[in-house]
>>> print(open('input_5.txt').read())   # compact mmCIF, C-alpha atoms and all ligand atoms
# COMPACT_ATOMS: atom_id res chain seq x y z
CA MET K 113 3.73 -72.97 84.39
CA THR K 114 5.70 -73.83 81.27
CA GLU K 115 8.74 -71.88 80.20
CA HIS K 116 10.29 -72.19 76.78
CA ALA K 117 13.98 -71.42 76.86
CA THR K 118 14.68 -70.44 73.27
CA PRO K 119 12.28 -67.92 71.80
CA THR K 120 13.02 -66.53 68.35
CA LEU K 121 14.93 -63.30 68.75
CA ASP K 122 15.06 -62.51 65.05
CA PRO K 123 11.81 -61.11 63.63
CA SER K 124 12.84 -62.17 60.12
CA GLU K 125 12.69 -65.82 61.20
CA LEU K 126 9.06 -65.66 62.30
CA PRO K 127 6.64 -68.07 60.62
CA PRO K 128 4.38 -66.45 57.99
CA MET K 129 0.86 -65.65 59.15
CA ASP K 130 -2.06 -67.24 57.30
CA ARG K 131 -5.09 -64.96 57.59
CA SER K 132 -7.26 -66.76 55.07
CA MET K 133 -9.80 -67.99 57.66
CA ARG K 134 -10.30 -64.70 59.45
CA ILE K 135 -12.74 -62.97 57.08
CA PRO K 136 -14.78 -66.21 56.80
CA ALA K 137 -14.87 -66.36 60.63
CA LEU K 138 -16.13 -62.78 60.79
CA ARG K 139 -18.70 -63.58 58.09
CA GLU K 140 -20.12 -66.29 60.33
CA ARG K 141 -20.74 -63.68 63.01
CA LEU K 142 -22.75 -61.28 60.82
CA GLY K 143 -26.02 -62.94 61.83
CA GLU K 144 -25.46 -62.63 65.57
CA LEU K 145 -24.29 -59.04 65.07
CA GLY K 146 -27.61 -58.33 63.36
CA VAL K 147 -26.06 -57.00 60.16
CA ASP K 148 -26.01 -58.00 56.49
CA ALA K 149 -22.52 -56.56 56.00
CA LEU K 150 -19.91 -54.91 58.21
CA VAL K 151 -17.64 -51.94 57.54
CA VAL K 152 -14.30 -52.51 59.28
CA SER K 153 -12.50 -49.19 59.75
CA GLU K 154 -10.45 -49.72 62.92
CA LEU K 155 -6.93 -50.16 61.54
CA ALA K 156 -5.85 -52.90 63.96
CA ASN K 157 -8.93 -54.87 62.89
CA VAL K 158 -8.23 -54.22 59.21
CA ARG K 159 -4.69 -55.46 59.79
CA TYR K 160 -5.88 -58.53 61.68
CA LEU K 161 -8.24 -59.53 58.87
CA SER K 162 -6.21 -58.56 55.83
CA GLY K 163 -2.53 -58.18 56.74
CA PHE K 164 -2.59 -54.57 55.52
CA THR K 165 -0.10 -52.49 57.52
CA GLY K 166 -0.69 -49.02 56.07
CA SER K 167 -2.57 -46.08 57.54
CA SER K 168 -5.48 -45.86 55.08
CA GLY K 169 -7.59 -48.94 54.49
CA MET K 170 -11.13 -50.13 55.09
CA LEU K 171 -12.91 -53.42 54.58
CA LEU K 172 -16.47 -54.23 53.66
CA VAL K 173 -17.31 -57.80 54.65
CA GLY K 174 -20.53 -59.18 53.24
CA PRO K 175 -22.06 -62.65 53.31
CA HIS K 176 -20.29 -63.82 50.14
CA GLU K 177 -17.63 -61.27 49.28
CA ALA K 178 -15.20 -58.82 50.79
CA LEU K 179 -13.88 -55.53 49.47
CA PHE K 180 -10.71 -53.79 50.60
CA VAL K 181 -10.37 -50.10 49.75
CA THR K 182 -7.25 -47.97 50.10
CA ASP K 183 -5.80 -44.87 48.43
CA GLY K 184 -3.13 -44.52 45.75
CA ARG K 185 -0.23 -44.52 48.21
CA TYR K 186 -0.94 -48.12 49.12
CA ALA K 187 -1.93 -49.61 45.75
CA THR K 188 1.07 -51.93 45.38
CA GLN K 189 1.60 -52.54 49.08
CA SER K 190 -1.97 -53.63 49.74
CA GLU K 191 -1.94 -56.05 46.84
CA GLN K 192 1.27 -57.65 48.13
CA GLU K 193 0.15 -57.79 51.75
CA LEU K 194 -3.32 -59.22 51.11
CA SER K 195 -1.97 -61.83 48.76
CA ALA K 196 0.84 -62.83 51.16
CA ALA K 197 -1.78 -63.25 53.89
CA GLY K 198 -3.92 -65.53 51.72
CA VAL K 199 -6.84 -63.10 51.90
CA GLU K 200 -9.66 -63.34 49.39
CA ALA K 201 -10.95 -59.83 48.87
CA ALA K 202 -11.40 -57.52 45.91
CA ILE K 203 -9.09 -54.51 46.12
CA GLU K 204 -10.16 -51.04 45.06
CA VAL K 205 -7.81 -48.08 44.97
CA SER K 206 -9.99 -45.05 45.55
CA THR K 207 -9.27 -41.57 44.27
CA GLU K 208 -11.86 -40.16 46.68
CA SER K 209 -11.94 -41.31 50.29
CA PRO K 210 -12.02 -45.05 51.06
CA GLU K 211 -15.21 -44.34 53.02
CA VAL K 212 -17.02 -43.12 49.89
CA ALA K 213 -15.92 -46.15 47.89
CA ILE K 214 -17.03 -48.52 50.66
CA ALA K 215 -20.40 -46.73 50.86
CA ARG K 216 -20.91 -47.12 47.12
CA ALA K 217 -20.21 -50.85 47.35
CA ALA K 218 -22.58 -51.13 50.31
CA GLU K 219 -25.47 -49.46 48.52
CA GLY K 220 -28.56 -51.57 48.93
CA VAL K 221 -27.31 -53.34 52.08
CA ALA K 222 -30.36 -53.32 54.35
CA ARG K 223 -28.53 -53.45 57.70
CA LEU K 224 -24.97 -52.12 57.51
CA GLY K 225 -22.76 -52.51 60.57
CA LEU K 226 -20.27 -49.84 61.68
CA GLU K 227 -17.72 -50.28 64.45
CA ALA K 228 -19.14 -48.20 67.28
CA ASP K 229 -15.88 -48.00 69.22
CA SER K 230 -13.88 -46.44 66.40
CA VAL K 231 -16.29 -44.52 64.16
CA SER K 232 -16.21 -40.86 65.18
CA TRP K 233 -19.34 -38.86 65.79
CA SER K 234 -18.75 -36.86 62.62
CA ALA K 235 -18.19 -40.01 60.55
CA GLN K 236 -21.39 -41.51 61.91
CA ARG K 237 -23.25 -38.35 60.86
CA ARG K 238 -21.78 -38.58 57.36
CA TRP K 239 -22.85 -42.20 57.11
CA SER K 240 -26.39 -41.47 58.20
CA SER K 241 -26.94 -38.25 56.24
CA GLU K 242 -25.09 -38.89 52.96
CA LEU K 243 -23.35 -42.22 52.69
CA HIS K 244 -25.98 -44.86 53.38
CA HIS K 245 -29.73 -45.03 52.98
CA GLY K 246 -30.40 -48.36 54.68
CA GLU K 247 -30.26 -49.03 58.41
CA LEU K 248 -26.95 -48.42 60.22
CA VAL K 249 -26.17 -50.78 63.08
CA ALA K 250 -23.63 -49.92 65.78
CA THR K 251 -21.56 -53.04 66.47
CA THR K 252 -19.18 -53.65 69.36
CA ALA K 253 -16.24 -56.06 69.43
CA ALA K 254 -17.22 -57.62 66.08
CA VAL K 255 -13.59 -58.28 65.13
CA GLU K 256 -12.11 -57.88 68.62
CA ALA K 257 -13.96 -61.04 69.70
CA LEU K 258 -12.00 -62.96 67.06
CA ARG K 259 -8.74 -61.36 68.18
CA LEU K 260 -9.11 -62.55 71.80
CA VAL K 261 -7.60 -66.00 71.21
CA LYS K 262 -4.19 -65.71 69.58
CA ASP K 263 -3.12 -68.36 67.08
CA PRO K 264 0.41 -69.80 67.27
CA THR K 265 1.81 -67.35 64.70
CA GLU K 266 0.47 -64.43 66.74
CA VAL K 267 1.92 -65.83 69.97
CA ALA K 268 5.24 -66.28 68.14
CA ARG K 269 5.30 -62.54 67.37
CA ILE K 270 4.48 -61.55 70.93
CA ARG K 271 7.06 -64.03 72.23
CA CYS K 272 9.68 -62.51 69.92
CA ALA K 273 8.76 -58.97 71.03
CA CYS K 274 9.08 -60.09 74.68
CA ALA K 275 12.45 -61.75 74.01
CA ILE K 276 13.77 -58.56 72.40
CA ALA K 277 12.68 -56.59 75.47
CA ASP K 278 14.30 -59.17 77.79
CA GLU K 279 17.61 -58.96 75.95
CA ALA K 280 17.55 -55.16 75.79
CA LEU K 281 17.01 -54.95 79.54
CA ARG K 282 19.76 -57.48 80.23
CA GLU K 283 22.14 -55.28 78.27
CA VAL K 284 21.27 -51.92 79.79
CA ALA K 285 20.04 -52.62 83.35
CA PRO K 286 23.53 -52.32 84.92
CA ARG K 287 23.64 -48.75 83.59
CA LEU K 288 21.11 -47.81 86.30
CA LEU K 289 24.06 -47.81 88.69
CA ALA K 290 25.83 -45.06 86.69
CA ALA K 291 23.31 -42.33 87.66
CA PRO K 292 21.67 -41.71 84.26
CA THR K 293 18.57 -39.51 84.17
CA GLU K 294 15.25 -41.33 83.74
CA ARG K 295 15.12 -40.05 80.16
CA GLU K 296 18.66 -41.17 79.35
CA PHE K 297 17.97 -44.64 80.67
CA ALA K 298 14.70 -44.86 78.70
CA LEU K 299 16.55 -43.90 75.52
CA GLU K 300 19.22 -46.55 76.08
CA LEU K 301 16.60 -49.20 76.60
CA GLU K 302 14.67 -48.10 73.53
CA ALA K 303 17.80 -48.04 71.37
CA ALA K 304 18.70 -51.54 72.56
CA MET K 305 15.28 -52.84 71.47
CA MET K 306 15.43 -51.13 68.08
CA ARG K 307 18.94 -52.50 67.45
CA ARG K 308 17.59 -56.00 68.05
CA GLY K 309 14.97 -55.64 65.34
CA ALA K 310 11.92 -54.16 67.07
CA ASP K 311 9.78 -52.30 64.52
CA ASP K 312 8.94 -49.69 67.12
CA LEU K 313 8.27 -49.22 70.81
CA SER K 314 5.21 -50.94 72.18
CA PHE K 315 4.28 -47.72 74.02
CA ASP K 316 6.03 -44.75 75.63
CA THR K 317 8.64 -46.19 77.98
CA ILE K 318 8.11 -45.54 81.68
CA VAL K 319 11.17 -45.00 83.88
CA ALA K 320 10.06 -43.76 87.28
CA ALA K 321 12.71 -43.39 89.99
CA GLY K 322 12.40 -42.48 93.65
CA PRO K 323 9.25 -40.45 94.42
CA ASN K 324 8.31 -40.47 90.71
CA GLY K 325 7.62 -44.20 91.08
CA ALA K 326 4.45 -43.33 92.98
CA ARG K 327 2.88 -42.33 89.64
CA PRO K 328 2.02 -45.49 87.70
CA HIS K 329 2.30 -43.77 84.29
CA HIS K 330 5.11 -41.32 85.01
CA GLN K 331 6.92 -39.93 81.96
CA PRO K 332 10.73 -40.19 82.11
CA SER K 333 12.18 -36.91 83.35
CA GLY K 334 15.57 -35.26 83.66
CA ARG K 335 15.86 -36.48 87.25
CA PRO K 336 19.09 -38.45 87.76
CA ILE K 337 18.61 -41.92 89.22
CA ALA K 338 20.21 -41.93 92.66
CA GLU K 339 21.35 -44.19 95.49
CA GLY K 340 18.34 -45.33 97.53
CA ASP K 341 15.87 -45.20 94.62
CA LEU K 342 13.35 -47.79 93.63
CA VAL K 343 13.17 -47.59 89.83
CA VAL K 344 10.06 -48.76 87.97
CA VAL K 345 10.80 -49.61 84.32
CA ASP K 346 7.79 -50.47 82.13
CA PHE K 347 8.41 -50.94 78.42
CA GLY K 348 7.96 -53.13 75.38
CA ALA K 349 8.84 -53.86 71.78
CA LEU K 350 6.62 -53.99 68.72
CA VAL K 351 7.14 -56.85 66.25
CA ASP K 352 5.02 -57.17 63.09
CA GLY K 353 2.20 -55.26 64.77
CA TYR K 354 2.27 -57.27 68.01
CA HIS K 355 3.21 -55.77 71.37
CA SER K 356 5.17 -56.89 74.40
CA ASP K 357 4.68 -55.45 77.88
CA MET K 358 6.95 -55.92 80.89
CA THR K 359 7.72 -54.07 84.11
CA ARG K 360 10.66 -54.63 86.40
CA THR K 361 11.49 -52.66 89.53
CA PHE K 362 15.11 -52.16 90.51
CA THR K 363 16.79 -50.98 93.67
CA VAL K 364 19.80 -48.71 93.42
CA GLY K 365 22.14 -49.22 96.36
CA GLU K 366 20.64 -49.43 99.83
CA VAL K 367 16.90 -48.65 99.76
CA GLY K 368 16.07 -49.48 103.37
CA PRO K 369 13.76 -52.09 104.94
CA GLU K 370 10.43 -50.47 104.01
CA ARG K 371 11.15 -50.35 100.29
CA THR K 372 12.58 -53.84 100.42
CA ALA K 373 9.41 -55.10 102.10
CA MET K 374 7.31 -53.31 99.49
CA PHE K 375 9.29 -54.98 96.72
CA ASP K 376 8.98 -58.42 98.31
CA VAL K 377 5.22 -58.27 98.75
CA VAL K 378 4.63 -57.06 95.17
CA ALA K 379 6.89 -59.84 93.88
CA GLU K 380 4.93 -62.36 95.91
CA ALA K 381 1.59 -60.97 94.74
CA GLN K 382 2.72 -60.98 91.12
CA GLN K 383 3.82 -64.61 91.38
CA ALA K 384 0.47 -65.51 92.97
CA GLY K 385 -1.28 -63.82 90.05
CA VAL K 386 0.77 -65.69 87.45
CA ASP K 387 0.15 -68.95 89.33
CA ALA K 388 -3.60 -68.29 89.21
CA VAL K 389 -3.70 -67.98 85.41
CA ALA K 390 -5.19 -70.99 83.60
CA ALA K 391 -7.94 -71.74 81.11
CA GLY K 392 -11.38 -71.67 82.73
CA VAL K 393 -10.33 -69.24 85.47
CA PRO K 394 -12.32 -65.99 85.73
CA ALA K 395 -9.98 -63.05 85.07
CA ALA K 396 -11.33 -61.45 88.26
CA GLU K 397 -9.86 -64.35 90.24
CA VAL K 398 -6.37 -63.53 88.98
CA ASP K 399 -6.92 -59.98 90.15
CA LEU K 400 -8.09 -61.26 93.53
CA ALA K 401 -5.03 -63.51 93.91
CA CYS K 402 -2.79 -60.44 93.67
CA ARG K 403 -5.06 -58.09 95.56
CA GLU K 404 -5.55 -60.32 98.61
CA LEU K 405 -1.83 -60.53 99.27
CA LEU K 406 -1.37 -56.78 98.94
CA GLU K 407 -4.39 -56.10 101.16
CA ASP K 408 -3.11 -58.49 103.82
CA ALA K 409 0.20 -56.60 103.79
CA GLY K 410 -1.64 -53.30 104.27
CA PHE K 411 -1.15 -52.09 100.69
CA GLY K 412 -4.74 -52.55 99.45
CA GLU K 413 -5.29 -48.81 99.06
CA ALA K 414 -1.91 -48.36 97.38
CA PHE K 415 -2.70 -50.77 94.52
CA LEU K 416 -4.18 -48.15 92.22
CA HIS K 417 -5.15 -50.11 89.12
CA GLY K 418 -6.41 -53.42 87.78
CA THR K 419 -4.07 -56.40 87.67
CA GLY K 420 -3.68 -56.64 83.91
CA HIS K 421 -4.98 -56.49 80.37
CA GLY K 422 -4.93 -58.38 77.10
CA VAL K 423 -2.01 -57.76 74.72
CA GLY K 424 -1.94 -58.25 70.97
CA LEU K 425 -2.31 -55.87 68.04
CA ASP K 426 -3.22 -53.30 70.70
CA ILE K 427 -1.17 -52.77 73.82
CA HIS K 428 -4.34 -52.68 75.93
CA GLU K 429 -7.10 -54.96 74.75
CA GLU K 430 -9.56 -57.53 76.04
CA PRO K 431 -9.67 -59.47 78.25
CA ARG K 432 -9.19 -57.07 81.17
CA VAL K 433 -7.82 -58.63 84.34
CA SER K 434 -9.55 -56.64 87.07
CA SER K 435 -12.01 -57.05 89.90
CA ARG K 436 -14.82 -55.95 87.57
CA SER K 437 -13.85 -58.19 84.65
CA THR K 438 -16.49 -60.70 83.56
CA ALA K 439 -14.09 -62.54 81.24
CA THR K 440 -13.07 -66.16 81.70
CA LEU K 441 -9.56 -67.01 80.54
CA ARG K 442 -9.21 -69.32 77.55
CA PRO K 443 -6.21 -71.04 75.95
CA GLY K 444 -4.52 -68.54 73.65
CA HIS K 445 -5.51 -65.42 75.56
CA VAL K 446 -2.42 -63.26 76.13
CA VAL K 447 -2.65 -61.13 79.27
CA THR K 448 -0.43 -59.22 81.65
CA VAL K 449 -0.15 -59.69 85.40
CA GLU K 450 1.09 -56.42 86.89
CA PRO K 451 0.28 -55.61 90.48
CA GLY K 452 1.90 -52.52 91.95
CA VAL K 453 2.11 -50.46 95.11
CA TYR K 454 2.41 -46.67 94.97
CA LEU K 455 3.11 -44.47 97.98
CA PRO K 456 3.09 -40.71 97.34
CA GLU K 457 6.48 -39.02 98.01
CA PHE K 458 7.96 -42.41 98.83
CA GLY K 459 8.06 -44.43 95.65
CA GLY K 460 6.51 -47.32 93.81
CA VAL K 461 6.98 -50.95 92.87
CA ARG K 462 5.36 -52.72 89.94
CA ILE K 463 6.26 -56.08 88.45
CA GLU K 464 4.66 -57.21 85.21
CA ASP K 465 4.81 -60.24 82.97
CA THR K 466 3.03 -60.97 79.72
CA VAL K 467 1.76 -64.57 79.70
CA VAL K 468 -0.15 -66.79 77.30
CA VAL K 469 -2.95 -68.83 78.84
CA LEU K 470 -2.66 -72.62 78.52
CA GLU K 471 -5.12 -75.38 79.37
CA ASP K 472 -3.45 -76.05 82.73
CA GLY K 473 -1.63 -72.81 83.52
CA CYS K 474 0.30 -70.32 81.49
CA GLU K 475 3.58 -69.73 79.69
CA ARG K 476 5.48 -66.66 80.76
CA LEU K 477 6.66 -64.74 77.68
CA THR K 478 8.66 -62.05 79.50
CA LEU K 479 11.57 -63.87 81.05
CA ALA K 480 13.89 -61.12 82.33
CA PRO K 481 15.03 -61.86 85.92
CA LYS K 482 13.09 -60.13 88.69
CA ASP K 483 16.09 -59.64 90.95
CA PRO K 484 15.99 -55.96 91.97
CA ASP K 485 19.77 -55.62 91.76
CA PRO K 486 20.45 -54.05 88.33
CA ALA K 487 23.74 -55.94 88.03
CA ALA K 488 22.48 -59.37 89.14
CA GLY K 489 22.78 -62.19 86.64
CA ARG K 490 23.33 -59.88 83.69
ZN ZN K 501 3.50 -52.38 81.17
ZN ZN K 502 0.60 -53.55 81.05
>>> encode(input="input_5.txt", output="structure tokens")
Amino acid sequence: MTEHATPTLDPSELPPMDRSMRIPALRERLGELGVDALVVSELANVRYLSGFTGSSGMLLVGPHEALFVTDGRYATQSEQELSAAGVEAAIEVSTESPEVAIARAAEGVARLGLEADSVSWSAQRRWSSELHHGELVATTAAVEALRLVKDPTEVARIRCACAIADEALREVAPRLLAAPTEREFALELEAAMMRRGADDLSFDTIVAAGPNGARPHHQPSGRPIAEGDLVVVDFGALVDGYHSDMTRTFTVGEVGPERTAMFDVVAEAQQAGVDAVAAGVPAAEVDLACRELLEDAGFGEAFLHGTGHGVGLDIHEEPRVSSRSTATLRPGHVVTVEPGVYLPEFGGVRIEDTVVVLEDGCERLTLAPKDPDPAAGR
């Protein structure tokens, strides 16, 4: 495992992202997708290909040309963003809906691909009844397959988001000892990330103390954090569209031998999972590395979810790291390793890192200490 000590903490210092080869790479896939042109409507995919960060934009990618359509609100912005990203695409500002403009440009395309995972049922019906007269082809993971392997500028953004989360936690973790409510602590953590330049939260922060920790996706409540609690804190920062994801579990005061043992075995399982990550390793094997240890300790039934997931422009994306995953890890995949144990009424422990897969192992991007004492080393 490699660890880099000095990640960029300042989002404004990130290297620019060159997207000029992404539409050509998608174009090369049109044949295997069985389409003559593809309509890209999923916003994260539009952003990946074009650099467009707004809320209304669609792309039509054909064999020789690409068209980006947006509405009047984004006329100037889209021009700036596409040009900064080095993207070669015609831009049309539509006064109707972008969908209608894309359909007009796609007239005469024999086999037109739509993104099956993001086109709604009603949109599909519009396409088939009014918008297109040729064949419509449902495609899956057309762009997502390109997004699997992150390039260095993407990893730099995730690394920066992780570093912001690390620093925010370092600042506020000792506050757990001052009996804040779960919600108050979540807000402090969130404010600390935003102050450090996060564009937004990666997802709704989880702070789950005491018995609430038994629910993996507990929403922070008005319950004050108290002596004897295990506190699960799962959170992340968003930087230039890219997410970070980290969980730490803290102990407040004396938690007793059972909770301590629970913490220790999850920490050991999590480390075994991180140690298992390397290029060429089936993702299911990383899951097994964690799961075996927890099963041996009698917590097999209490590990309620898969071991991890891909992280990038979406907080949960491919490859999944679970017992059912068929993915094999490749250099540049960014995944989480996050085993947990949840005992109803009693509490929970989860520890999670985001890592980038390397040829011979991985680099941990979330570097906050795992010591359960909120005041340790901070
Ligand atoms: Zn998480
Ligand atoms: Zn996660």
>>> closest_atom_pairs(input="input_5.txt", of="chain K", to="ligand ZN 502 (chain K)", cutoff="10 Å", atoms="only C-alpha atoms and all ligand atoms", output="CSV")
residue,atom,partner,partner_atom,distance
K:Phe315,CA,K:ZN502,ZN,9.8
K:Asp346,CA,K:ZN502,ZN,7.9
K:Phe347,CA,K:ZN502,ZN,8.6
K:Gly348,CA,K:ZN502,ZN,9.3
K:Ser356,CA,K:ZN502,ZN,8.7
K:Asp357,CA,K:ZN502,ZN,5.5
K:Met358,CA,K:ZN502,ZN,6.8
K:Thr359,CA,K:ZN502,ZN,7.8
K:Gly418,CA,K:ZN502,ZN,9.7
K:Thr419,CA,K:ZN502,ZN,8.6
K:Gly420,CA,K:ZN502,ZN,6.0
K:His421,CA,K:ZN502,ZN,6.3
K:Gly422,CA,K:ZN502,ZN,8.3
K:Val423,CA,K:ZN502,ZN,8.0
K:Ile427,CA,K:ZN502,ZN,7.5
K:His428,CA,K:ZN502,ZN,7.2
K:Val447,CA,K:ZN502,ZN,8.4
K:Thr448,CA,K:ZN502,ZN,5.8
K:Val449,CA,K:ZN502,ZN,7.6
K:Glu450,CA,K:ZN502,ZN,6.5
K:Pro451,CA,K:ZN502,ZN,9.7
K:Ile463,CA,K:ZN502,ZN,9.7
K:Glu464,CA,K:ZN502,ZN,6.9
K:Asp465,CA,K:ZN502,ZN,8.1
K:Thr466,CA,K:ZN502,ZN,7.9
>>> residues_around(input="input_5.txt", residues="K:Thr182", least_positions_apart="2", cutoff="6 Å", atoms="all atoms listed in the file", output="number ranges by chain")
K: 168-169, 205, 210
>>> closest_atom_pairs(input="input_5.txt", of="stretch 176-293 of chain K", to="stretch 302-311 of chain K", cutoff="10 Å", atoms="all atoms listed in the file", output="Markdown table")
| residue | atom | partner | partner_atom | distance |
| --- | --- | --- | --- | --- |
| K:Cys272 | CA | K:Ala310 | CA | 9.1 |
| K:Ala273 | CA | K:Ala310 | CA | 7.0 |
| K:Ala275 | CA | K:Met305 | CA | 9.7 |
| K:Ile276 | CA | K:Met305 | CA | 6.0 |
| K:Ala277 | CA | K:Met305 | CA | 6.1 |
| K:Asp278 | CA | K:Met305 | CA | 9.0 |
| K:Glu279 | CA | K:Met305 | CA | 7.9 |
| K:Ala280 | CA | K:Ala304 | CA | 5.0 |
| K:Leu281 | CA | K:Ala304 | CA | 8.0 |
| K:Arg282 | CA | K:Ala304 | CA | 9.8 |
| K:Glu283 | CA | K:Ala304 | CA | 7.6 |
| K:Val284 | CA | K:Ala304 | CA | 7.7 |
>>> residues_around(input="input_5.txt", residues="stretch 251-260 of chain K", least_positions_apart="2", cutoff="9 Å", atoms="only C-alpha atoms", output="number ranges by chain")
K: 134, 137-138, 141-142, 145-147, 150, 152, 157-158, 160-161, 225-229, 249, 262, 422, 424-425, 429-431, 442, 444-446
>>> atom_distance(input="input_5.txt", atom1="atom CA of K:Asp341", atom2="atom CA of K:Pro328")
15.5 Å
>>> residues_around(input="input_5.txt", residues="K:Glu296", least_positions_apart="2", cutoff="9 Å", atoms="only C-alpha atoms", output="ChimeraX atom specification")
/K:292-294,298-301,332-334,336
>>> closest_residue(input="input_5.txt", among="K:Gly163, K:Trp233, K:Leu126, K:Val173", to="K:Glu140", atoms="only C-alpha atoms")
K:Val173
>>> closest_residue(input="input_5.txt", among="K:Glu413, K:Glu475, K:Asp316, K:Ala197", to="ligand ZN 501 (chain K)", atoms="only C-alpha atoms and all ligand atoms")
K:Asp316
>>> decode(input="input_5.txt", residues="stretch 137-155 of chain K", atoms="C-alpha atoms", output="short mmCIF file (atom, residue, chain, number, x, y, z; two decimals), in the first residue's frame")
data_model
loop_
_atom_site.label_atom_id
_atom_site.label_comp_id
_atom_site.auth_asym_id
_atom_site.auth_seq_id
_atom_site.Cartn_x
_atom_site.Cartn_y
_atom_site.Cartn_z
CA ALA K 137 -13.63 6.95 -26.83
CA LEU K 138 -17.41 6.68 -26.60
CA ARG K 139 -17.66 6.89 -30.39
CA GLU K 140 -15.45 3.81 -30.64
CA ARG K 141 -17.98 1.91 -28.55
CA LEU K 142 -21.01 2.68 -30.72
CA GLY K 143 -20.49 -0.47 -32.79
CA GLU K 144 -20.40 -2.83 -29.82
CA LEU K 145 -23.42 -1.05 -28.34
CA GLY K 146 -25.27 -1.78 -31.56
CA VAL K 147 -26.19 1.84 -32.26
CA ASP K 148 -25.42 4.42 -34.94
CA ALA K 149 -25.64 7.29 -32.46
CA LEU K 150 -26.22 7.63 -28.72
CA VAL K 151 -28.29 10.13 -26.76
CA VAL K 152 -26.56 10.87 -23.45
CA SER K 153 -29.07 12.29 -20.97
CA GLU K 154 -27.73 11.15 -17.59
CA LEU K 155 -26.22 14.35 -16.19
#
